[in-house]
>>> print(open('coords-v6.csv').read())   # CSV, C-alpha atoms and all ligand atoms
chain,number,residue,atom,x,y,z
J,1,MET,CA,13.5,34.9,-86.6
J,2,GLN,CA,12.7,31.3,-87.5
J,3,GLY,CA,12.1,28.5,-85.0
J,4,LEU,CA,11.4,30.5,-81.8
J,5,ASP,CA,8.0,29.1,-81.3
J,6,GLU,CA,9.3,25.5,-81.6
J,7,LEU,CA,12.0,26.3,-79.1
J,8,ARG,CA,9.5,27.8,-76.7
J,9,GLY,CA,7.1,24.8,-77.0
J,10,LYS,CA,9.9,22.3,-76.5
J,11,TYR,CA,11.4,23.9,-73.4
J,12,ILE,CA,8.1,24.8,-71.7
J,13,ASP,CA,7.0,21.1,-72.2
J,14,GLN,CA,10.3,19.9,-70.7
J,15,ILE,CA,10.0,22.2,-67.7
J,16,ALA,CA,6.5,21.1,-67.0
J,17,GLY,CA,7.6,17.5,-67.1
J,18,ALA,CA,10.8,17.9,-64.9
J,19,ALA,CA,10.7,15.7,-61.9
J,20,ASP,CA,13.3,17.4,-59.7
J,21,GLU,CA,15.7,20.3,-59.4
J,22,GLY,CA,18.5,18.5,-61.2
J,23,ALA,CA,16.3,18.0,-64.3
J,24,LEU,CA,15.4,21.7,-64.3
J,25,GLU,CA,19.1,22.7,-64.1
J,26,ALA,CA,19.9,20.5,-67.1
J,27,ILE,CA,17.1,22.2,-69.0
J,28,ARG,CA,18.4,25.6,-68.0
J,29,VAL,CA,21.9,24.8,-69.3
J,30,ALA,CA,20.5,23.3,-72.5
J,31,ALA,CA,18.5,26.5,-73.2
J,32,LEU,CA,20.2,29.4,-71.5
J,33,GLY,CA,23.7,28.1,-70.7
J,34,LYS,CA,26.8,29.5,-72.7
J,35,LYS,CA,26.2,26.9,-75.4
J,36,GLY,CA,22.5,26.7,-74.9
J,37,GLU,CA,20.2,26.8,-77.8
J,38,VAL,CA,18.8,30.3,-77.0
J,39,SER,CA,22.2,31.7,-76.3
J,40,LEU,CA,23.5,30.4,-79.7
J,41,LYS,CA,20.5,32.2,-81.3
J,42,MET,CA,21.5,35.4,-79.5
J,43,ARG,CA,24.9,35.2,-81.2
J,44,GLU,CA,23.2,35.1,-84.6
J,45,LEU,CA,21.9,38.6,-83.9
J,46,GLY,CA,25.4,40.0,-84.8
J,47,LYS,CA,25.1,38.8,-88.3
J,48,MET,CA,21.7,40.4,-88.9
J,49,THR,CA,20.8,43.6,-90.6
J,50,PRO,CA,19.6,46.3,-88.2
J,51,GLU,CA,16.0,45.8,-89.3
J,52,GLU,CA,16.1,42.1,-88.7
J,53,ARG,CA,17.8,42.6,-85.4
J,54,LYS,CA,15.1,45.1,-84.3
J,55,GLU,CA,12.5,42.4,-84.7
J,56,ALA,CA,14.5,39.3,-83.6
J,57,GLY,CA,16.2,40.9,-80.6
J,58,PRO,CA,13.1,41.6,-78.4
J,59,ALA,CA,11.6,38.3,-79.5
J,60,LEU,CA,14.7,36.4,-78.3
J,61,ASN,CA,14.9,38.4,-75.1
J,62,ALA,CA,11.3,37.6,-74.4
J,63,LEU,CA,11.9,33.9,-75.0
J,64,LYS,CA,14.9,33.9,-72.7
J,65,ASP,CA,12.9,35.6,-70.0
J,66,GLU,CA,10.0,33.3,-70.4
J,67,ILE,CA,12.1,30.1,-70.1
J,68,GLY,CA,14.0,31.6,-67.2
J,69,SER,CA,11.0,32.5,-65.2
J,70,ALA,CA,9.2,29.2,-66.1
J,71,ILE,CA,12.3,27.4,-64.6
J,72,GLY,CA,12.2,29.6,-61.5
J,73,ALA,CA,8.5,28.9,-61.0
J,74,ALA,CA,8.9,25.2,-61.5
J,75,LYS,CA,11.8,25.2,-59.0
J,76,SER,CA,9.8,26.9,-56.3
J,77,ALA,CA,6.8,24.6,-56.9
J,78,LEU,CA,9.1,21.6,-56.4
J,79,ALA,CA,10.5,23.2,-53.2
J,80,ASP,CA,6.9,23.8,-51.9
J,81,ALA,CA,5.9,20.2,-52.7
J,82,ALA,CA,9.1,18.9,-50.9
J,83,LEU,CA,8.3,21.0,-47.9
J,84,SER,CA,4.7,19.8,-47.6
J,85,GLU,CA,5.9,16.2,-48.0
J,86,ARG,CA,8.3,16.8,-45.1
J,87,LEU,CA,5.7,18.5,-42.9
J,88,LYS,CA,3.4,15.5,-43.5
J,89,ALA,CA,6.2,13.1,-42.6
J,90,GLU,CA,7.3,14.9,-39.5
J,91,TRP,CA,3.8,15.8,-38.2
J,92,LEU,CA,3.7,16.3,-34.5
J,93,ASP,CA,0.5,16.7,-32.4
J,94,VAL,CA,1.5,19.4,-30.0
J,95,THR,CA,-1.8,19.0,-28.1
J,96,LEU,CA,-0.8,15.4,-27.0
J,97,ASP,CA,0.0,15.2,-23.3
J,98,PRO,CA,3.7,14.2,-23.1
J,99,ARG,CA,3.2,12.8,-19.6
J,100,PRO,CA,2.3,9.1,-19.3
J,101,ALA,CA,-1.4,8.4,-18.7
J,102,ARG,CA,-2.4,8.9,-15.1
J,103,ARG,CA,-2.7,5.5,-13.5
J,104,GLY,CA,-3.6,6.3,-9.9
J,105,THR,CA,-7.2,5.8,-8.8
J,106,ILE,CA,-9.2,6.5,-5.7
J,107,HIS,CA,-9.7,3.5,-3.6
J,108,PRO,CA,-13.4,2.4,-3.2
J,109,VAL,CA,-13.1,3.0,0.6
J,110,SER,CA,-11.9,6.6,0.1
J,111,GLN,CA,-14.6,7.2,-2.4
J,112,THR,CA,-17.3,5.7,-0.1
J,113,MET,CA,-16.1,7.9,2.8
J,114,GLU,CA,-16.4,11.0,0.6
J,115,GLU,CA,-19.9,10.0,-0.5
J,116,VAL,CA,-20.9,9.3,3.1
J,117,ALA,CA,-19.5,12.7,4.3
J,118,ALA,CA,-21.3,14.5,1.5
J,119,ILE,CA,-24.7,12.9,2.4
J,120,PHE,CA,-24.4,13.6,6.1
J,121,ALA,CA,-23.0,17.1,5.5
J,122,ASP,CA,-26.3,17.8,3.7
J,123,MET,CA,-28.2,16.8,6.8
J,124,GLY,CA,-26.1,19.1,9.0
J,125,PHE,CA,-23.5,16.7,10.4
J,126,ALA,CA,-20.0,18.0,10.9
J,127,TRP,CA,-16.8,15.9,10.6
J,128,ALA,CA,-15.1,14.8,13.8
J,129,GLU,CA,-11.9,12.8,14.4
J,130,GLY,CA,-10.1,10.9,17.1
J,131,PRO,CA,-6.9,8.9,17.5
J,132,GLN,CA,-6.6,5.3,16.2
J,133,ILE,CA,-4.5,4.4,19.3
J,134,GLU,CA,-7.0,5.0,22.0
J,135,SER,CA,-7.1,4.8,25.8
J,136,ASP,CA,-9.0,2.1,27.6
J,137,TRP,CA,-11.2,4.8,29.0
J,138,TYR,CA,-12.4,6.2,25.6
J,139,ASN,CA,-12.7,2.9,23.9
J,140,PHE,CA,-14.5,1.1,26.7
J,141,ASP,CA,-15.2,2.7,30.1
J,142,ALA,CA,-16.7,6.0,28.9
J,143,LEU,CA,-18.9,3.9,26.6
J,144,ASN,CA,-20.5,2.2,29.6
J,145,MET,CA,-18.2,-0.8,29.3
J,146,ALA,CA,-16.6,-1.3,32.7
J,147,PRO,CA,-13.5,-3.5,32.8
J,148,GLU,CA,-15.5,-6.6,33.7
J,149,HIS,CA,-18.2,-6.0,31.0
J,150,PRO,CA,-18.6,-9.1,28.9
J,151,ALA,CA,-19.0,-7.0,25.7
J,152,ARG,CA,-15.3,-6.2,25.9
J,153,GLN,CA,-14.6,-9.8,25.0
J,154,GLU,CA,-16.6,-9.6,21.8
J,155,HIS,CA,-14.3,-6.9,20.4
J,156,ASP,CA,-11.2,-9.1,19.7
J,157,THR,CA,-9.1,-6.1,20.8
J,158,PHE,CA,-5.5,-5.5,19.8
J,159,PHE,CA,-3.7,-4.2,22.9
J,160,MET,CA,-0.6,-2.0,22.9
J,161,HIS,CA,2.5,-2.8,24.9
J,162,ARG,CA,3.0,-1.5,28.5
J,163,ALA,CA,6.4,-1.3,30.2
J,164,GLU,CA,7.0,-4.1,32.7
J,165,GLY,CA,5.5,-3.2,36.1
J,166,ASP,CA,3.2,-0.5,34.6
J,167,GLU,CA,-0.1,-1.5,36.0
J,168,ARG,CA,-2.3,1.0,34.1
J,169,PRO,CA,-4.6,-0.6,31.5
J,170,PRO,CA,-2.9,-0.7,28.1
J,171,HIS,CA,-3.9,1.5,25.2
J,172,VAL,CA,-5.7,-0.3,22.4
J,173,LEU,CA,-6.1,0.0,18.7
J,174,ARG,CA,-9.6,1.4,18.7
J,175,THR,CA,-12.2,-1.3,18.1
J,176,HIS,CA,-14.8,1.1,16.9
J,177,THR,CA,-15.3,4.8,16.1
J,178,SER,CA,-17.6,5.2,19.1
J,179,PRO,CA,-14.8,6.8,21.3
J,180,VAL,CA,-15.1,9.8,19.0
J,181,GLN,CA,-18.6,10.4,20.5
J,182,ILE,CA,-17.0,11.1,23.8
J,183,ARG,CA,-14.2,13.2,22.5
J,184,ALA,CA,-16.6,15.3,20.3
J,185,MET,CA,-19.0,15.9,23.2
J,186,GLU,CA,-16.2,16.8,25.6
J,187,LYS,CA,-15.0,19.4,23.1
J,188,GLN,CA,-18.3,20.8,21.9
J,189,GLY,CA,-21.0,19.8,24.5
J,190,ALA,CA,-24.6,19.5,23.3
J,191,PRO,CA,-26.5,20.1,21.1
J,192,ILE,CA,-24.2,18.3,18.6
J,193,ARG,CA,-24.4,16.7,15.3
J,194,VAL,CA,-21.2,14.9,14.0
J,195,ILE,CA,-20.0,12.0,11.9
J,196,ALA,CA,-16.6,10.4,12.6
J,197,PRO,CA,-15.2,8.3,9.8
J,198,GLY,CA,-12.0,6.3,10.2
J,199,ARG,CA,-10.1,3.1,10.7
J,200,VAL,CA,-10.8,0.6,13.4
J,201,TYR,CA,-9.2,-2.7,14.3
J,202,ARG,CA,-10.3,-6.1,15.5
J,203,CYS,CA,-8.6,-9.5,15.4
J,204,ASP,CA,-10.9,-11.1,12.8
J,205,TYR,CA,-10.5,-12.4,9.2
J,206,ASP,CA,-12.9,-13.9,6.7
J,207,LEU,CA,-15.0,-12.9,3.6
J,208,THR,CA,-16.6,-9.9,5.4
J,209,HIS,CA,-14.0,-9.2,8.2
J,210,THR,CA,-10.5,-7.9,8.1
J,211,PRO,CA,-8.3,-6.9,11.1
J,212,MET,CA,-8.4,-3.3,10.0
J,213,PHE,CA,-11.6,-1.9,8.6
J,214,HIS,CA,-13.6,1.4,8.4
J,215,GLN,CA,-16.6,2.8,10.2
J,216,VAL,CA,-18.4,6.0,10.3
J,217,GLU,CA,-19.8,7.0,13.6
J,218,GLY,CA,-22.8,9.3,13.8
J,219,LEU,CA,-24.0,11.3,16.8
J,220,ALA,CA,-26.9,13.7,17.2
J,221,VAL,CA,-27.7,15.0,20.7
J,222,ASP,CA,-30.3,17.7,21.5
J,223,LYS,CA,-33.3,18.3,23.8
J,224,ASP,CA,-35.8,16.2,21.9
J,225,ILE,CA,-34.1,13.8,19.5
J,226,SER,CA,-35.9,10.4,19.2
J,227,MET,CA,-35.6,7.0,17.7
J,228,ALA,CA,-37.9,8.2,14.9
J,229,ASN,CA,-35.2,10.7,13.9
J,230,LEU,CA,-32.6,8.0,13.9
J,231,LYS,CA,-34.7,5.8,11.6
J,232,TRP,CA,-35.4,8.6,9.2
J,233,VAL,CA,-31.8,9.7,9.1
J,234,LEU,CA,-30.6,6.1,8.4
J,235,GLN,CA,-33.3,5.6,5.7
J,236,GLU,CA,-32.5,8.9,4.0
J,237,PHE,CA,-28.8,8.0,4.1
J,238,CYS,CA,-29.4,4.6,2.5
J,239,ARG,CA,-31.6,6.1,-0.2
J,240,ALA,CA,-29.0,8.7,-1.1
J,241,PHE,CA,-26.0,6.4,-0.8
J,242,PHE,CA,-27.3,3.4,-2.7
J,243,GLU,CA,-29.0,5.8,-5.3
J,244,VAL,CA,-32.3,3.9,-5.3
J,245,GLU,CA,-35.8,5.1,-4.3
J,246,GLN,CA,-36.4,2.2,-1.9
J,247,VAL,CA,-33.7,0.0,-0.2
J,248,GLU,CA,-34.9,-3.0,1.7
J,249,LEU,CA,-33.7,-2.4,5.3
J,250,ARG,CA,-34.3,-4.6,8.3
J,251,PHE,CA,-34.2,-2.9,11.8
J,252,ARG,CA,-33.4,-5.6,14.3
J,253,ALA,CA,-33.6,-5.1,18.1
J,254,SER,CA,-30.1,-5.5,19.5
J,255,HIS,CA,-27.8,-4.7,22.3
J,256,PHE,CA,-24.9,-2.3,22.8
J,257,PRO,CA,-23.7,-1.2,26.2
J,258,PHE,CA,-23.6,2.4,25.0
J,259,THR,CA,-27.1,2.7,23.5
J,260,GLU,CA,-30.5,1.9,24.9
J,261,PRO,CA,-32.6,0.9,23.1
J,262,SER,CA,-30.4,-0.5,20.3
J,263,ALA,CA,-31.0,-1.6,16.8
J,264,GLU,CA,-28.9,-3.2,14.1
J,265,VAL,CA,-29.7,-2.6,10.4
J,266,ASP,CA,-29.4,-5.2,7.7
J,267,ILE,CA,-29.7,-4.9,3.9
J,268,ARG,CA,-31.2,-7.5,1.6
J,269,CYS,CA,-28.6,-8.9,-0.8
J,270,SER,CA,-27.6,-12.0,-2.8
J,271,TRP,CA,-24.3,-13.7,-3.0
J,272,GLU,CA,-25.3,-16.0,-5.8
J,273,GLY,CA,-22.7,-17.1,-8.3
J,274,GLY,CA,-19.9,-15.5,-6.3
J,275,SER,CA,-21.1,-12.0,-7.0
J,276,LEU,CA,-22.8,-9.7,-4.5
J,277,LYS,CA,-26.0,-8.0,-5.5
J,278,LEU,CA,-28.0,-5.4,-3.5
J,279,GLY,CA,-31.8,-5.7,-3.0
J,280,GLU,CA,-32.1,-9.3,-4.4
J,281,GLY,CA,-32.0,-12.8,-2.9
J,282,ASP,CA,-32.6,-14.1,0.6
J,283,ASP,CA,-29.4,-13.0,2.4
J,284,TRP,CA,-29.0,-10.0,4.7
J,285,MET,CA,-25.8,-8.1,5.3
J,286,GLU,CA,-25.5,-6.3,8.6
J,287,ILE,CA,-24.3,-2.7,7.9
J,288,LEU,CA,-24.6,-0.8,11.1
J,289,GLY,CA,-25.4,-0.7,14.8
J,290,SER,CA,-27.3,2.1,16.3
J,291,GLY,CA,-29.5,3.3,19.2
J,292,MET,CA,-30.3,6.0,21.7
J,293,VAL,CA,-27.2,7.2,23.5
J,294,HIS,CA,-27.1,5.7,27.0
J,295,PRO,CA,-27.3,8.2,29.8
J,296,ASN,CA,-24.1,6.9,31.3
J,297,VAL,CA,-22.3,7.8,28.0
J,298,LEU,CA,-23.6,11.4,28.0
J,299,ARG,CA,-22.6,11.7,31.7
J,300,ALA,CA,-19.1,10.4,30.9
J,301,ALA,CA,-18.7,13.0,28.2
J,302,GLY,CA,-19.9,15.8,30.5
J,303,VAL,CA,-23.4,16.2,29.0
J,304,ASN,CA,-26.4,16.2,31.4
J,305,PRO,CA,-28.7,13.3,30.5
J,306,ASP,CA,-31.7,14.9,32.2
J,307,GLU,CA,-31.6,17.7,29.7
J,308,GLN,CA,-30.2,16.1,26.5
J,309,GLN,CA,-30.8,12.9,24.6
J,310,GLY,CA,-29.8,11.6,21.2
J,311,PHE,CA,-29.0,8.8,18.9
J,312,ALA,CA,-25.7,7.3,17.7
J,313,PHE,CA,-24.9,4.9,14.9
J,314,GLY,CA,-21.8,3.1,13.5
J,315,ILE,CA,-21.8,2.2,9.9
J,316,GLY,CA,-19.4,-0.3,8.3
J,317,ILE,CA,-18.0,1.7,5.4
J,318,ASP,CA,-16.3,-1.3,3.8
J,319,ARG,CA,-19.6,-3.3,4.0
J,320,ILE,CA,-21.6,-0.6,2.3
J,321,ALA,CA,-18.9,-0.2,-0.4
J,322,MET,CA,-19.1,-3.9,-1.1
J,323,LEU,CA,-22.8,-3.7,-1.5
J,324,LYS,CA,-22.9,-0.6,-3.6
J,325,TYR,CA,-20.1,-1.6,-6.0
J,326,GLY,CA,-20.8,-5.3,-6.0
J,327,ILE,CA,-17.4,-6.4,-4.5
J,328,PRO,CA,-17.9,-9.8,-3.0
J,329,ASP,CA,-14.7,-10.2,-0.9
J,330,LEU,CA,-13.7,-7.6,1.7
J,331,ARG,CA,-10.1,-9.0,1.9
J,332,ALA,CA,-9.4,-7.8,-1.7
J,333,PHE,CA,-9.8,-4.2,-0.5
J,334,PHE,CA,-6.5,-4.4,1.3
J,335,ASP,CA,-4.4,-6.7,-1.0
J,336,SER,CA,-3.0,-3.8,-3.0
J,337,ASP,CA,-3.5,-5.8,-6.2
J,338,LEU,CA,-3.0,-3.2,-9.0
J,339,ARG,CA,-5.4,-5.1,-11.3
J,340,TRP,CA,-8.1,-4.9,-8.7
J,341,LEU,CA,-7.4,-1.2,-7.9
J,342,ARG,CA,-7.6,-0.3,-11.6
J,343,HIS,CA,-10.9,-2.2,-11.9
J,344,TYR,CA,-12.6,-0.9,-8.8
J,345,GLY,CA,-10.8,2.5,-8.4
J,346,PHE,CA,-12.4,5.8,-9.1
J,347,ARG,CA,-11.0,8.7,-11.3
J,348,SER,CA,-9.2,11.1,-9.1
J,349,LEU,CA,-11.0,14.3,-10.4
J,350,ASP,CA,-14.5,13.0,-9.9
J,351,VAL,CA,-15.4,14.3,-6.4
J,352,PRO,CA,-18.6,12.9,-5.2
J,353,THR,CA,-21.4,15.4,-4.6
J,354,LEU,CA,-25.1,15.0,-4.0
J,355,HIS,CA,-26.1,17.2,-7.0
J,356,GLY,CA,-23.6,15.2,-9.2
J,357,GLY,CA,-25.3,11.9,-8.2
J,358,LEU,CA,-22.4,11.0,-5.9
J,359,SER,CA,-20.7,8.1,-7.8
J,360,ALA,CA,-21.8,9.4,-11.3
V,1,LIG,N1,-19.7,0.7,17.9
V,1,LIG,C1,-20.6,-0.3,17.5
V,1,LIG,C2,-19.8,-1.4,16.7
V,1,LIG,O1,-18.7,-1.2,16.4
V,1,LIG,C3,-21.6,0.3,16.5
V,1,LIG,C4,-22.5,1.3,17.2
V,1,LIG,C5,-22.2,2.6,17.1
V,1,LIG,C6,-23.7,0.9,17.8
V,1,LIG,C7,-23.0,3.6,17.8
V,1,LIG,C8,-24.5,1.8,18.4
V,1,LIG,C9,-24.2,3.1,18.3
V,1,LIG,O2,-20.3,-2.5,16.5
>>> encode(input="coords-v6.csv", output="structure tokens", more="lines below")
Ligand code: PHE
Amino acid sequence: MQGLDELRGKYIDQIAGAADEGALEAIRVAALGKKGEVSLKMRELGKMTPEERKEAGPALNALKDEIGSAIGAAKSALADAALSERLKAEWLDVTLDPRPARRGTIHPVSQTMEEVAAIFADMGFAWAEGPQIESDWYNFDALNMAPEHPARQEHDTFFMHRAEGDERPPHVLRTHTSPVQIRAMEKQGAPIRVIAPGRVYRCDYDLTHTPMFHQVEGLAVDKDISMANLKWVLQEFCRAFFEVEQVELRFRASHFPFTEPSAEVDIRCSWEGGSLKLGEGDDWMEILGSGMVHPNVLRAAGVNPDEQQGFAFGIGIDRIAMLKYGIPDLRAFFDSDLRWLRHYGFRSLDVPTLHGGLSA
């Protein structure tokens, strides 16, 4: 039969060039529809001699099949392309966390408390606690500060209310963590090695003082504990906490009613240009008070001072946080300014450990 090759070439080209399903359908109708070119050729078979038909029939059928399956293949190629376009357009990252970014941070004071606890735990100190509303006895008397003792005045104490006519001394917001020394020794006796971190209160307010602040008390009592042990423990603590080989410390003779002898410790720092830097400049920041526990204190807590002796210290947690993290104004710690908290806060899953380098 004449012209089959031309037909084949024409339709295969058209199919290859069809842009969408509609165009393919039009081609199908033009070729294979009732009045399509191939169908019309089929009709011519009736007028042929049997010999001619024998040759032309299979050729026409083959052409019909070929065009049919080319259209089918082109249709499914178009459908595939459409699907992959859609998948690209509607792409969704199922690994993305649908929750909003976590905004909460660990406050520098909490972080510092954790760091301090990790360092002292490594030196064998357990964690002790006491109440923030404290009796006059624990906050003062038991610490060798009788009611008329002048040191009481230095504490700028917040007193709790007493009912009219109640003559007992009022409770106080504890002015230091030292009362926990008494509570811990009452509970455990000696030997003992504890730290007691927590909030304390004094009526005071400037760049390095706020009415509520934080201390960590330390206490070690045993048969032969000396001032040398105290000095070593404090130096080791500072080395580990400030993460430097050598910190410049100044041990200064001082006085506390509950220790004898007593020493305060200062750290060299600079406040130049409104920023606070550790280990530079000519300023000193007082970070702790310490000394050998006074025999009267041991006695008040039920420990025999003829058999036991020890040291105690009270570190200003906020102060050492300021020094370590270069935070020049203590008052900002308690302003709850979100910008400040985001800037100075720590990520909640980074728990400080000695082997992890604490603040790393
Ligand atoms: N309690 C003292 C203060 O708040 C610090 C201190 C604690 C001093 C233990 C000596 C021993 O200033």
>>> closest_residue(input="coords-v6.csv", among="J:Arg202, J:Gly46, J:Ala151, J:Ala74", to="J:Gln14", atoms="all atoms listed in the file")
J:Ala74
>>> residues_near_ligand(input="coords-v6.csv", ligand="ligand LIG 1 (chain V)", cutoff="9 Å", atoms="all atoms listed in the file", output="VMD selection string")
chain J and resid 155 175 to 179 181 200 215 to 219 255 to 260 262 to 264 288 to 293 311 to 316
>>> closest_residue(input="coords-v6.csv", among="J:Arg99, J:Lys75, J:His107, J:Arg168", to="J:Glu25", atoms="all atoms listed in the file")
J:Lys75
>>> atom_distance(input="coords-v6.csv", atom1="atom CA of J:Trp127", atom2="atom CA of J:Ala196")
5.9 Å
>>> residues_around(input="coords-v6.csv", residues="J:Val351", least_positions_apart="2", cutoff="12 Å", atoms="all atoms listed in the file", output="list in words")
Ile106, Ser110, Gln111, Thr112, Met113, Glu114, Glu115, Ala117, Ala118, Phe346, Arg347, Ser348, Leu349, Thr353, Leu354, His355, Gly356, Gly357, Leu358, Ser359 and Ala360 of chain J
>>> residues_around(input="coords-v6.csv", residues="stretch 320-335 of chain J", least_positions_apart="3", cutoff="8 Å", atoms="all atoms listed in the file", output="MDAnalysis selection string")
chainID J and resid 108:109 112 206:210 242 269 271 274:278 287 316:317 340
>>> atom_distance(input="coords-v6.csv", atom1="atom CA of J:Ile12", atom2="atom CA of J:Ser76")
15.6 Å
>>> atom_distance(input="coords-v6.csv", atom1="atom CA of J:Arg319", atom2="atom CA of J:Ile225")
27.3 Å
>>> axis_aligned_box(input="coords-v6.csv", around="stretch 288-301 of chain J", padding_each_side="3 Å", output="AutoDock Vina command-line options")
--center_x -24.5 --center_y 6.1 --center_z 21.4 --size_x 17.6 --size_y 19.8 --size_z 26.6
>>> closest_residue(input="coords-v6.csv", among="J:Ser135, J:Ala19, J:Ile119, J:Arg28", to="J:Leu78", atoms="all atoms listed in the file")
J:Ala19
>>> closest_residue(input="coords-v6.csv", among="J:Arg299, J:Arg252, J:Lys187, J:Arg199", to="J:Glu286", atoms="all atoms listed in the file")
J:Arg252
>>> closest_residue(input="coords-v6.csv", among="J:Val297, J:Leu338, J:Leu173, J:Ala190", to="J:Phe213", atoms="all atoms listed in the file")
J:Leu173
>>> residues_around(input="coords-v6.csv", residues="J:Glu66", least_positions_apart="6", cutoff="12 Å", atoms="all atoms listed in the file", output="list in words")
Leu4, Asp5, Leu7, Arg8, Gly9, Tyr11, Ile12, Ile15, Arg28, Ala31, Leu32, Val38, Pro58, Ala59, Leu60, Gly72 and Ala73 of chain J
>>> decode(input="coords-v6.csv", residues="stretch 80-117 of chain J", atoms="C-alpha atoms", output="JSON list (two decimals), in the first residue's frame")
[["chain", "number", "residue", "atom", "x", "y", "z"],
["J", 80, "ASP", "CA", 5.18, 11.74, 34.71],
["J", 81, "ALA", "CA", 6.53, 15.19, 33.95],
["J", 82, "ALA", "CA", 3.42, 16.82, 35.41],
["J", 83, "LEU", "CA", 3.76, 14.74, 38.58],
["J", 84, "SER", "CA", 7.41, 15.60, 39.08],
["J", 85, "GLU", "CA", 6.61, 19.30, 38.52],
["J", 86, "ARG", "CA", 3.96, 19.05, 41.21],
["J", 87, "LEU", "CA", 6.23, 17.20, 43.61],
["J", 88, "LYS", "CA", 8.83, 19.91, 43.16],
["J", 89, "ALA", "CA", 6.28, 22.69, 43.75],
["J", 90, "GLU", "CA", 4.70, 21.05, 46.78],
["J", 91, "TRP", "CA", 8.01, 19.92, 48.37],
["J", 92, "LEU", "CA", 7.82, 19.52, 52.11],
["J", 93, "ASP", "CA", 10.80, 18.96, 54.43],
["J", 94, "VAL", "CA", 9.38, 16.43, 56.87],
["J", 95, "THR", "CA", 12.57, 16.61, 58.94],
["J", 96, "LEU", "CA", 11.88, 20.26, 59.86],
["J", 97, "ASP", "CA", 10.84, 20.74, 63.49],
["J", 98, "PRO", "CA", 7.25, 22.08, 63.36],
["J", 99, "ARG", "CA", 7.58, 23.56, 66.86],
["J", 100, "PRO", "CA", 8.79, 27.16, 67.13],
["J", 101, "ALA", "CA", 12.49, 27.56, 67.94],
["J", 102, "ARG", "CA", 13.19, 27.07, 71.62],
["J", 103, "ARG", "CA", 13.70, 30.47, 73.14],
["J", 104, "GLY", "CA", 14.28, 29.73, 76.81],
["J", 105, "THR", "CA", 17.82, 29.99, 78.17],
["J", 106, "ILE", "CA", 19.54, 29.14, 81.42],
["J", 107, "HIS", "CA", 20.20, 32.22, 83.54],
["J", 108, "PRO", "CA", 23.91, 32.93, 84.17],
["J", 109, "VAL", "CA", 23.32, 32.57, 87.91],
["J", 110, "SER", "CA", 21.82, 29.08, 87.50],
["J", 111, "GLN", "CA", 24.62, 28.14, 85.14],
["J", 112, "THR", "CA", 27.22, 29.40, 87.62],
["J", 113, "MET", "CA", 25.61, 27.47, 90.50],
["J", 114, "GLU", "CA", 25.77, 24.30, 88.43],
["J", 115, "GLU", "CA", 29.40, 24.92, 87.59],
["J", 116, "VAL", "CA", 30.29, 25.62, 91.22],
["J", 117, "ALA", "CA", 28.49, 22.47, 92.37]]
